[in-house]
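K.L.:
File name data_20.tsv; file contents TSV, C-alpha atoms; full text below.
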chain	number	residue	atom	x	y	z
A	1	MET	CA	0.00	0.00	0.00
A	2	SER	CA	0.99	3.56	-0.52
A	3	ASP	CA	2.47	5.44	2.45
A	4	SER	CA	0.89	8.69	1.19
A	5	PRO	CA	-2.85	8.31	0.45
A	6	LEU	CA	-4.79	10.48	-1.93
A	7	ILE	CA	-7.49	12.51	-0.20
A	8	PHE	CA	-10.23	14.36	-2.06
A	9	THR	CA	-13.03	16.60	-0.81
A	10	VAL	CA	-16.12	16.71	-3.02
A	11	SER	CA	-17.18	20.14	-4.24
A	12	ASP	CA	-20.63	21.32	-5.32
A	13	SER	CA	-19.79	20.77	-8.99
A	14	ASP	CA	-19.16	17.05	-8.41
A	15	THR	CA	-22.28	16.36	-6.36
A	16	GLY	CA	-24.23	13.44	-7.84
A	17	THR	CA	-21.21	11.98	-9.68
A	18	ARG	CA	-20.56	8.26	-9.28
A	19	LEU	CA	-17.59	7.47	-7.05
A	20	ASP	CA	-15.73	5.47	-9.72
A	21	ALA	CA	-16.31	8.14	-12.37
A	22	PHE	CA	-15.05	10.87	-10.03
A	23	LEU	CA	-11.85	8.96	-9.26
A	24	ALA	CA	-11.25	8.23	-12.95
A	25	GLU	CA	-11.31	11.97	-13.58
A	26	GLN	CA	-9.04	12.78	-10.65
A	27	ILE	CA	-6.36	10.06	-10.95
A	28	ASP	CA	-4.32	10.04	-14.17
A	29	GLY	CA	-3.32	6.73	-15.69
A	30	TRP	CA	-5.99	4.62	-13.99
A	31	SER	CA	-8.79	2.89	-15.87
A	32	ARG	CA	-12.29	2.98	-14.45
A	33	SER	CA	-12.36	-0.83	-14.18
A	34	ARG	CA	-9.16	-0.90	-12.15
A	35	LEU	CA	-10.51	1.80	-9.85
A	36	GLN	CA	-13.68	-0.24	-9.40
A	37	ARG	CA	-11.58	-3.20	-8.22
A	38	LEU	CA	-9.79	-0.88	-5.83
A	39	ILE	CA	-13.15	0.19	-4.42
A	40	GLU	CA	-14.32	-3.43	-4.16
A	41	ASN	CA	-11.17	-4.35	-2.22
A	42	GLY	CA	-11.95	-1.75	0.43
A	43	ASP	CA	-9.03	0.51	-0.51
A	44	VAL	CA	-11.30	3.52	-1.01
A	45	LEU	CA	-13.19	5.08	1.90
A	46	VAL	CA	-15.87	7.74	1.75
A	47	ASN	CA	-16.21	9.56	5.06
A	48	GLU	CA	-14.14	6.77	6.68
A	49	LYS	CA	-16.47	4.03	5.43
A	50	GLU	CA	-16.35	1.63	2.48
A	51	ALA	CA	-18.67	2.51	-0.39
A	52	LYS	CA	-19.85	1.05	-3.68
A	53	ALA	CA	-18.48	2.21	-7.03
A	54	SER	CA	-21.99	3.47	-7.86
A	55	TYR	CA	-22.20	5.68	-4.76
A	56	LYS	CA	-23.41	9.17	-5.70
A	57	LEU	CA	-21.16	11.79	-4.17
A	58	ARG	CA	-22.39	14.58	-1.92
A	59	THR	CA	-20.86	17.97	-1.28
A	60	GLY	CA	-18.25	17.75	1.46
A	61	ASP	CA	-17.67	14.00	1.16
A	62	GLU	CA	-14.07	13.09	2.01
A	63	ILE	CA	-12.60	10.34	-0.15
A	64	ASP	CA	-9.51	8.49	1.09
A	65	VAL	CA	-7.72	6.38	-1.55
A	66	ASP	CA	-4.85	3.95	-0.98
A	67	LEU	CA	-3.37	3.19	-4.39
A	68	THR	CA	-1.86	-0.28	-4.74
A	69	GLU	CA	-0.09	0.83	-7.89
A	70	GLU	CA	0.47	4.41	-8.94
A	71	PRO	CA	0.46	5.41	-12.61
A	72	ALA	CA	3.62	4.33	-14.43
A	73	ALA	CA	3.82	7.73	-16.12
A	74	ARG	CA	5.22	9.22	-12.91
A	75	PHE	CA	8.68	7.69	-13.19
A	76	GLU	CA	11.64	7.44	-15.55
A	77	PRO	CA	14.29	4.69	-15.82
A	78	GLU	CA	17.33	4.97	-13.55
A	79	ASP	CA	20.42	2.79	-13.39
A	80	ILE	CA	20.12	1.70	-9.76
A	81	PRO	CA	21.55	-1.69	-8.65
A	82	LEU	CA	18.94	-4.32	-7.82
A	83	ASP	CA	19.13	-7.60	-5.93
A	84	ILE	CA	17.15	-9.88	-8.26
A	85	VAL	CA	16.22	-13.16	-6.58
A	86	LEU	CA	14.28	-14.69	-9.50
A	87	GLU	CA	13.44	-13.49	-13.00
A	88	ASP	CA	11.89	-14.75	-16.23
A	89	GLU	CA	10.02	-13.21	-19.17
A	90	PHE	CA	6.86	-12.73	-17.10
A	91	LEU	CA	7.94	-11.52	-13.67
A	92	ALA	CA	10.77	-10.77	-11.28
A	93	VAL	CA	11.21	-11.14	-7.54
A	94	VAL	CA	13.37	-8.48	-5.90
A	95	ASN	CA	15.01	-8.26	-2.49
A	96	LYS	CA	14.22	-4.63	-1.70
A	97	PRO	CA	16.67	-2.89	0.63
A	98	ALA	CA	15.50	-0.73	3.51
A	99	GLY	CA	15.51	2.96	2.64
A	100	MET	CA	14.18	2.48	-0.90
A	101	ILE	CA	10.70	3.78	-1.68
A	102	VAL	CA	8.70	1.44	-3.93
A	103	HIS	CA	7.09	4.01	-6.22
A	104	PRO	CA	7.32	7.75	-6.95
A	105	GLY	CA	4.82	9.96	-5.20
A	106	ALA	CA	4.43	12.69	-2.60
A	107	GLY	CA	7.26	14.74	-4.10
A	108	VAL	CA	9.59	11.77	-4.71
A	109	THR	CA	10.39	11.40	-8.42
A	110	ASN	CA	13.56	9.32	-8.49
A	111	GLY	CA	15.60	6.72	-6.64
A	112	THR	CA	12.63	4.38	-6.24
A	113	LEU	CA	12.26	0.69	-6.99
A	114	ALA	CA	10.04	1.54	-9.96
A	115	ASN	CA	12.76	3.77	-11.44
A	116	ALA	CA	15.29	0.96	-11.04
A	117	LEU	CA	12.97	-1.67	-12.53
A	118	ALA	CA	12.21	0.46	-15.58
A	119	HIS	CA	15.95	0.55	-16.33
A	120	HIS	CA	16.48	-3.13	-15.54
A	121	PHE	CA	13.63	-4.14	-17.85
A	122	GLY	CA	15.18	-2.12	-20.67
A	123	ILE	CA	12.72	0.77	-20.72
A	124	ARG	CA	14.96	3.65	-21.75
A	125	ASP	CA	12.69	6.64	-22.26
A	126	PRO	CA	9.72	8.19	-20.45
A	127	GLN	CA	7.21	7.53	-23.26
A	128	SER	CA	8.19	3.87	-23.33
A	129	ALA	CA	7.89	3.74	-19.55
A	130	ILE	CA	4.32	4.97	-19.89
A	131	ARG	CA	3.48	2.34	-22.51
A	132	ASN	CA	5.18	-0.48	-20.61
A	133	ARG	CA	3.63	-0.22	-17.16
A	134	ILE	CA	5.81	-1.53	-14.35
A	135	GLY	CA	3.46	-3.95	-12.60
A	136	ILE	CA	4.20	-3.47	-8.92
A	137	VAL	CA	1.68	-5.85	-7.40
A	138	HIS	CA	2.21	-5.16	-3.69
A	139	ARG	CA	4.13	-2.79	-1.46
A	140	LEU	CA	6.71	-2.69	1.27
A	141	ASP	CA	7.24	0.36	3.46
A	142	LYS	CA	10.35	2.39	2.77
A	143	ASP	CA	12.20	1.02	5.82
A	144	THR	CA	11.06	-2.59	5.36
A	145	SER	CA	13.43	-4.87	3.47
A	146	GLY	CA	12.72	-8.14	1.71
A	147	LEU	CA	10.91	-9.96	-1.06
A	148	MET	CA	8.60	-8.34	-3.61
A	149	VAL	CA	7.18	-9.82	-6.80
A	150	VAL	CA	6.84	-7.56	-9.85
A	151	ALA	CA	4.97	-8.28	-13.11
A	152	LYS	CA	6.42	-7.50	-16.52
A	153	ASP	CA	3.13	-7.37	-18.41
A	154	GLU	CA	-0.49	-6.49	-17.77
A	155	GLN	CA	-1.75	-10.08	-17.92
A	156	THR	CA	0.75	-11.29	-15.32
A	157	HIS	CA	-0.01	-8.26	-13.17
A	158	GLU	CA	-3.73	-8.99	-13.18
A	159	ALA	CA	-3.19	-12.69	-12.40
A	160	LEU	CA	-0.87	-11.95	-9.47
A	161	SER	CA	-3.18	-9.23	-8.18
A	162	GLU	CA	-6.04	-11.72	-8.17
A	163	GLN	CA	-3.93	-14.12	-6.09
A	164	PHE	CA	-3.32	-11.33	-3.57
A	165	ARG	CA	-7.03	-10.43	-3.52
A	166	SER	CA	-7.96	-14.08	-3.00
A	167	ARG	CA	-5.37	-14.44	-0.22
A	168	GLU	CA	-3.59	-17.21	-2.11
A	169	VAL	CA	-0.18	-15.57	-1.63
A	170	PHE	CA	1.85	-16.51	1.45
A	171	LYS	CA	3.76	-13.58	2.99
A	172	SER	CA	5.82	-13.98	6.14
A	173	TYR	CA	7.92	-11.34	7.88
A	174	VAL	CA	10.52	-11.29	10.64
A	175	ALA	CA	10.00	-8.60	13.27
A	176	LEU	CA	11.92	-7.76	16.41
A	177	VAL	CA	9.58	-6.20	18.96
A	178	HIS	CA	9.88	-4.54	22.32
A	179	GLY	CA	8.91	-6.60	25.35
A	180	MET	CA	8.43	-10.28	26.11
A	181	THR	CA	5.25	-11.79	24.68
A	182	ARG	CA	3.33	-13.90	27.18
A	183	GLU	CA	2.24	-16.47	24.61
A	184	ASN	CA	4.31	-18.27	22.00
A	185	SER	CA	1.86	-17.45	19.22
A	186	GLY	CA	-1.21	-15.40	18.57
A	187	THR	CA	-3.65	-13.87	16.08
A	188	ILE	CA	-4.41	-10.17	15.72
A	189	ASP	CA	-7.75	-9.63	14.03
A	190	ARG	CA	-8.31	-5.90	14.32
A	191	PRO	CA	-9.57	-3.46	11.63
A	192	ILE	CA	-7.22	-0.70	10.55
A	193	ALA	CA	-8.13	2.83	9.46
A	194	ARG	CA	-6.27	6.03	8.80
A	195	ASP	CA	-5.73	8.08	11.96
A	196	ARG	CA	-8.16	10.98	11.66
A	197	TRP	CA	-5.81	13.31	13.57
A	198	HIS	CA	-2.52	12.22	11.96
A	199	ARG	CA	-3.27	11.46	8.32
A	200	THR	CA	0.10	9.80	7.58
A	201	LYS	CA	-0.51	7.24	10.33
A	202	MET	CA	-2.82	4.27	10.62
A	203	THR	CA	-4.62	3.04	13.72
A	204	VAL	CA	-6.83	0.21	14.97
A	205	ALA	CA	-10.41	1.42	14.60
A	206	ALA	CA	-13.83	-0.23	14.58
A	207	ASN	CA	-14.74	1.44	11.27
A	208	GLY	CA	-11.50	0.40	9.55
A	209	ARG	CA	-10.70	-2.21	6.92
A	210	HIS	CA	-10.47	-5.84	8.01
A	211	ALA	CA	-6.87	-6.80	8.87
A	212	LEU	CA	-5.54	-10.15	10.06
A	213	SER	CA	-2.01	-10.97	11.24
A	214	ILE	CA	-0.72	-14.25	12.69
A	215	TRP	CA	2.47	-14.30	14.77
A	216	LYS	CA	4.66	-16.81	16.55
A	217	VAL	CA	7.83	-16.53	18.58
A	218	ARG	CA	11.08	-17.40	16.84
A	219	GLN	CA	13.43	-16.39	19.64
A	220	ARG	CA	13.23	-14.65	22.99
A	221	PHE	CA	15.69	-12.13	24.39
A	222	GLU	CA	15.74	-10.12	27.56
A	223	LYS	CA	13.16	-7.36	26.94
A	224	PHE	CA	12.80	-8.21	23.23
A	225	THR	CA	11.10	-10.92	21.16
A	226	LEU	CA	11.84	-12.04	17.60
A	227	LEU	CA	8.63	-12.92	15.77
A	228	ASP	CA	7.53	-14.58	12.56
A	229	VAL	CA	4.49	-12.69	11.29
A	230	GLU	CA	2.21	-13.91	8.52
A	231	ILE	CA	-0.27	-11.42	7.10
A	232	LYS	CA	-3.55	-12.50	5.56
A	233	THR	CA	-4.46	-8.99	4.42
A	234	GLY	CA	-2.30	-6.18	3.05
A	235	ARG	CA	-3.31	-3.01	4.85
A	236	THR	CA	-1.05	0.00	5.06
A	237	HIS	CA	1.45	-0.38	7.95
A	238	GLN	CA	-0.48	-3.49	9.03
A	239	ILE	CA	2.22	-5.37	10.96
A	240	ARG	CA	3.53	-2.23	12.61
A	241	VAL	CA	0.06	-1.09	13.72
A	242	HIS	CA	-1.05	-4.53	14.86
A	243	LEU	CA	2.05	-5.25	16.94
A	244	ALA	CA	1.93	-1.79	18.50
A	245	SER	CA	-1.73	-2.41	19.38
A	246	ILE	CA	-0.73	-5.38	21.60
A	247	ASN	CA	2.01	-3.30	23.26
A	248	HIS	CA	4.85	-4.92	21.33
A	249	PRO	CA	5.91	-2.28	18.78
A	250	VAL	CA	8.55	-3.02	16.17
A	251	VAL	CA	12.05	-2.01	17.22
A	252	GLY	CA	13.23	1.12	15.42
A	253	ASP	CA	9.73	2.20	14.40
A	254	ALA	CA	9.57	5.80	15.61
A	255	THR	CA	6.06	6.25	14.20
A	256	TYR	CA	4.33	3.60	16.30
A	257	SER	CA	6.72	2.75	19.16
A	258	GLU	CA	5.83	5.82	21.27
A	259	GLY	CA	9.46	6.37	22.24
A	260	ARG	CA	10.18	2.80	23.36
A	261	ASP	CA	13.55	2.80	21.55
A	262	ASN	CA	14.71	5.63	23.82
A	263	THR	CA	13.86	3.72	26.98
A	264	VAL	CA	16.22	0.80	26.29
A	265	ALA	CA	18.52	0.55	29.32
A	266	ASP	CA	21.48	-1.19	27.68
A	267	ILE	CA	23.54	1.59	26.08
A	268	ASP	CA	25.15	-0.68	23.46
A	269	ILE	CA	21.79	-2.02	22.33
A	270	LYS	CA	20.24	1.45	22.36
A	271	ASN	CA	23.05	2.80	20.16
A	272	GLN	CA	22.76	-0.16	17.80
A	273	ILE	CA	19.05	0.53	17.35
A	274	ARG	CA	19.79	4.21	16.73
A	275	ILE	CA	22.37	3.59	14.02
A	276	LEU	CA	20.07	1.13	12.24
A	277	ASP	CA	18.11	4.13	10.93
A	278	ARG	CA	15.26	1.75	10.02
A	279	PHE	CA	12.81	-0.53	11.76
A	280	PHE	CA	13.40	-4.24	12.31
A	281	LEU	CA	10.94	-5.64	9.79
A	282	HIS	CA	11.92	-7.91	6.92
A	283	ALA	CA	9.77	-9.70	4.31
A	284	GLU	CA	11.49	-13.06	4.62
A	285	ARG	CA	9.23	-15.53	2.80
A	286	LEU	CA	7.02	-15.25	-0.27
A	287	SER	CA	5.03	-17.98	-1.99
A	288	PHE	CA	2.71	-17.73	-5.01
A	289	THR	CA	1.64	-19.62	-8.11
A	290	HIS	CA	3.37	-18.60	-11.33
A	291	PRO	CA	0.57	-17.21	-13.55
A	292	SER	CA	2.00	-18.67	-16.77
A	293	THR	CA	3.56	-21.98	-15.75
A	294	GLY	CA	1.33	-22.91	-12.81
A	295	GLU	CA	4.46	-23.67	-10.81
A	296	LYS	CA	4.44	-23.06	-7.06
A	297	ILE	CA	7.13	-20.47	-6.32
A	298	GLU	CA	8.48	-20.52	-2.76
A	299	LEU	CA	11.26	-18.10	-1.86
A	300	ALA	CA	13.12	-17.05	1.28
A	301	GLN	CA	15.56	-14.20	1.83
A	302	PRO	CA	17.82	-13.94	4.92
A	303	ILE	CA	17.57	-10.76	6.97
A	304	ALA	CA	19.87	-7.86	6.16
A	305	PRO	CA	23.34	-7.73	7.78
A	306	GLU	CA	22.50	-4.70	9.94
A	307	LEU	CA	19.55	-6.56	11.46
A	308	GLN	CA	21.65	-9.66	12.02
A	309	GLU	CA	24.25	-7.53	13.81
A	310	LEU	CA	21.63	-6.29	16.26
A	311	LEU	CA	20.53	-9.87	16.94
A	312	GLU	CA	24.12	-10.87	17.64
A	313	LYS	CA	24.40	-8.08	20.22
A	314	LEU	CA	21.18	-9.25	21.87
A	315	ARG	CA	22.49	-12.80	22.04
Taking this structure as input, can you express it in the form of structure tokens?

P.N.:
Amino acid sequence: MSDSPLIFTVSDSDTGTRLDAFLAEQIDGWSRSRLQRLIENGDVLVNEKEAKASYKLRTGDEIDVDLTEEPAARFEPEDIPLDIVLEDEFLAVVNKPAGMIVHPGAGVTNGTLANALAHHFGIRDPQSAIRNRIGIVHRLDKDTSGLMVVAKDEQTHEALSEQFRSREVFKSYVALVHGMTRENSGTIDRPIARDRWHRTKMTVAANGRHALSIWKVRQRFEKFTLLDVEIKTGRTHQIRVHLASINHPVVGDATYSEGRDNTVADIDIKNQIRILDRFFLHAERLSFTHPSTGEKIELAQPIAPELQELLEKLR
């Protein structure tokens, strides 16, 4: 999901317009059918509630849109090194480093994964980049590292997107959290919505989108726990929000940890967390069915060296 949502307020001139038609006018590069699927998936809220594509807008309605793929026209190819885990003529799986934004937006026009992929796929000019859409199927936050699958054509993109919508894709993360969990495993089934007071943050809210995370302990440390977290839905900041909601925020996550990093007593550990300059969240495992061959693809990517170094200090 996008870290920076699109937010629209309906004016008098748009009153009575269908929701999908309004969005098609406002968002360049998106077809009406794709926007309708976005609405069906619950990634569009009207006044903090899900709505149908046929909903007739009213003056003052606030529309909150989380784009799962921004228009390809917003980026140009850049020669940026990539860690390609798997690649064929239909798709590629990339090990995204922490610090790299997935797609241009919110004032960021270069240095993103999309820029790098356009160059890697041989798209050399902006017009070609527009014609050959980079099919980013799912997202990772800027400071989350790990596995992402990317489609090379529209048909593959649609097939992979359907697997994500149908929850046929297995996604498992490694997270180091503050505190010692009482149980060895658990399920967090709590809806997530955008924080109405801090619009760049998400929060657990009764009127939010359904979100489901399953966690289990991999290793325990004094005052920290290393978790495996499987997500069944793909809400913005889902793991970070869910773990913070059970009082075990992700280490290094300044947005949702409420200052817990600063309360670490061990000076060496505290300094190691500070120099990480990222949160301890890594997309370790990814499994899906190849849209063209029908083969089951199962991949794993070890955590980044800087995260491993922190674990060694904890041990």

K.L.:
If you measure from atom CA of Ala304 of chain A to atom CA of Gln163 of chain A, what distance in Å do you get, rounded to one decimal?

P.N.:
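Going from atom CA of Ala304 of chain A over to atom CA of Gln163 of chain A covers 27.5 Å.
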
K.L.:
Using only C-alpha atoms, determine which residues lie at most 12 Å from Glu162 of chain A, disregarding the query and same-chain residues fewer than 4 positions distant; provide the list as a list in words.

P.N.:
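Counting only the stated atoms, we get Arg34, Arg37, Leu38, Asn41, Val137, His138, Gln155, Thr156, His157, Glu158, Ser166, Arg167, Glu168, Val169, Phe288, Thr289 and Pro291 of chain A.
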
K.L.:
Between A:Leu227, A:Val46, A:Val85, A:Val241, single out the one closest to Thr255 of chain A, counting only C-alpha atoms.

P.N.:
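Nearest candidate to Thr255 of chain A out of A:Leu227, A:Val46, A:Val85, A:Val241: A:Val241.
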
K.L.:
Between atom CA of Glu295 of chain A and atom CA of Ala116 of chain A, what is the distance in Å, rounded to a tenth?

P.N.:
26.9 Å

K.L.:
Have a look at A:Thr181, A:Thr203, A:Ser161, A:Ser145 and name the one nearest to Phe221 of chain A; count all atoms listed in the file.

P.N.:
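With all atoms listed in the file as the atom set, the closest residue is A:Thr181.
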
K.L.:
Pick from A:His290, A:Lys96, A:Lys232, A:Arg194: nearest to Leu147 of chain A, with all atoms listed in the file counted?

P.N.:
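The closest residue to Leu147 of chain A is A:Lys96.
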
K.L.:
I need the residue nearest Asp277 of chain A from this list: A:Pro302, A:Gly99, A:Pro249, A:Gly111. Use all atoms listed in the file for the distance.

P.N.:
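The closest residue to Asp277 of chain A is A:Gly99.
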
K.L.:
For segment 7-16 of chain A, work out the shell of residues within 7 Å, counting all atoms listed in the file and skipping chain neighbours fewer than 5 positions away, then give it as a list in words.

P.N.:
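The residues that qualify are Lys56, Leu57, Arg58, Thr59, Gly60, Asp61, Glu62, Ile63, Asp64 and Val65 of chain A.
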
K.L.:
Skipping near chain neighbours, those fewer than 4 positions away, what residues fall within 7 Å of His282 of chain A using only C-alpha atoms, listed as a VMD selection string?

P.N.:
chain A and resid 144 to 146 173 to 175 303

K.L.:
Quick check, in Å to one decimal: how far apart do atom CA of Asn184 of chain A and atom CA of Leu276 of chain A lie?

P.N.:
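So the answer is 26.8 Å.
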
K.L.:
With all atoms listed in the file as the basis for distance, which of A:Val149, A:Ala159, A:Ala244, A:Ile275 is at the shortest distance from Ser287 of chain A?

P.N.:
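Of the candidates, the smallest distance to Ser287 of chain A is held by A:Val149.
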
K.L.:
Calculated over only C-alpha atoms, which of the candidates A:Glu25, A:Glu284, A:Asp195, A:Asp66 has the smallest distance to Asn95 of chain A?

P.N.:
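Nearest candidate to Asn95 of chain A out of A:Glu25, A:Glu284, A:Asp195, A:Asp66: A:Glu284.
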
K.L.:
Write out as a PyMOL selection string the residues lying within 7 Å of Phe90 of chain A, counting all atoms listed in the file and excluding same-chain residues fewer than 3 positions away.

P.N.:
chain A and resi 151-153+156

K.L.:
With only C-alpha atoms as the counted atoms, please give the residues lying no more than 7 Å from Ala205 of chain A, apart from itself and same-chain residues fewer than 4 positions off, as a short mmCIF file (atom, residue, chain, number, x, y, z; two decimals) with C-alpha atoms, keeping the file's coordinate frame.

P.N.:
data_model
loop_
_atom_site.label_atom_id
_atom_site.label_comp_id
_atom_site.auth_asym_id
_atom_site.auth_seq_id
_atom_site.Cartn_x
_atom_site.Cartn_y
_atom_site.Cartn_z
CA PRO A 191 -9.57 -3.46 11.63
CA ILE A 192 -7.22 -0.70 10.55
CA ALA A 193 -8.13 2.83 9.46
#

K.L.:
In the coordinate frame of the file, compute which residues have an atom within 12 Å of (18.5, 2.1, -13.5) when using all atoms listed in the file, and state them as a CSV table (one decimal) with C-alpha atoms, in the coordinates of the input.

P.N.:
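And here is the file that came out, result33.csv:
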chain,number,residue,atom,x,y,z
A,75,PHE,CA,8.7,7.7,-13.2
A,76,GLU,CA,11.6,7.4,-15.6
A,77,PRO,CA,14.3,4.7,-15.8
A,78,GLU,CA,17.3,5.0,-13.6
A,79,ASP,CA,20.4,2.8,-13.4
A,80,ILE,CA,20.1,1.7,-9.8
A,81,PRO,CA,21.6,-1.7,-8.6
A,82,LEU,CA,18.9,-4.3,-7.8
A,110,ASN,CA,13.6,9.3,-8.5
A,111,GLY,CA,15.6,6.7,-6.6
A,112,THR,CA,12.6,4.4,-6.2
A,113,LEU,CA,12.3,0.7,-7.0
A,114,ALA,CA,10.0,1.5,-10.0
A,115,ASN,CA,12.8,3.8,-11.4
A,116,ALA,CA,15.3,1.0,-11.0
A,117,LEU,CA,13.0,-1.7,-12.5
A,118,ALA,CA,12.2,0.5,-15.6
A,119,HIS,CA,16.0,0.6,-16.3
A,120,HIS,CA,16.5,-3.1,-15.5
A,121,PHE,CA,13.6,-4.1,-17.8
A,122,GLY,CA,15.2,-2.1,-20.7
A,123,ILE,CA,12.7,0.8,-20.7
A,124,ARG,CA,15.0,3.6,-21.8
A,125,ASP,CA,12.7,6.6,-22.3
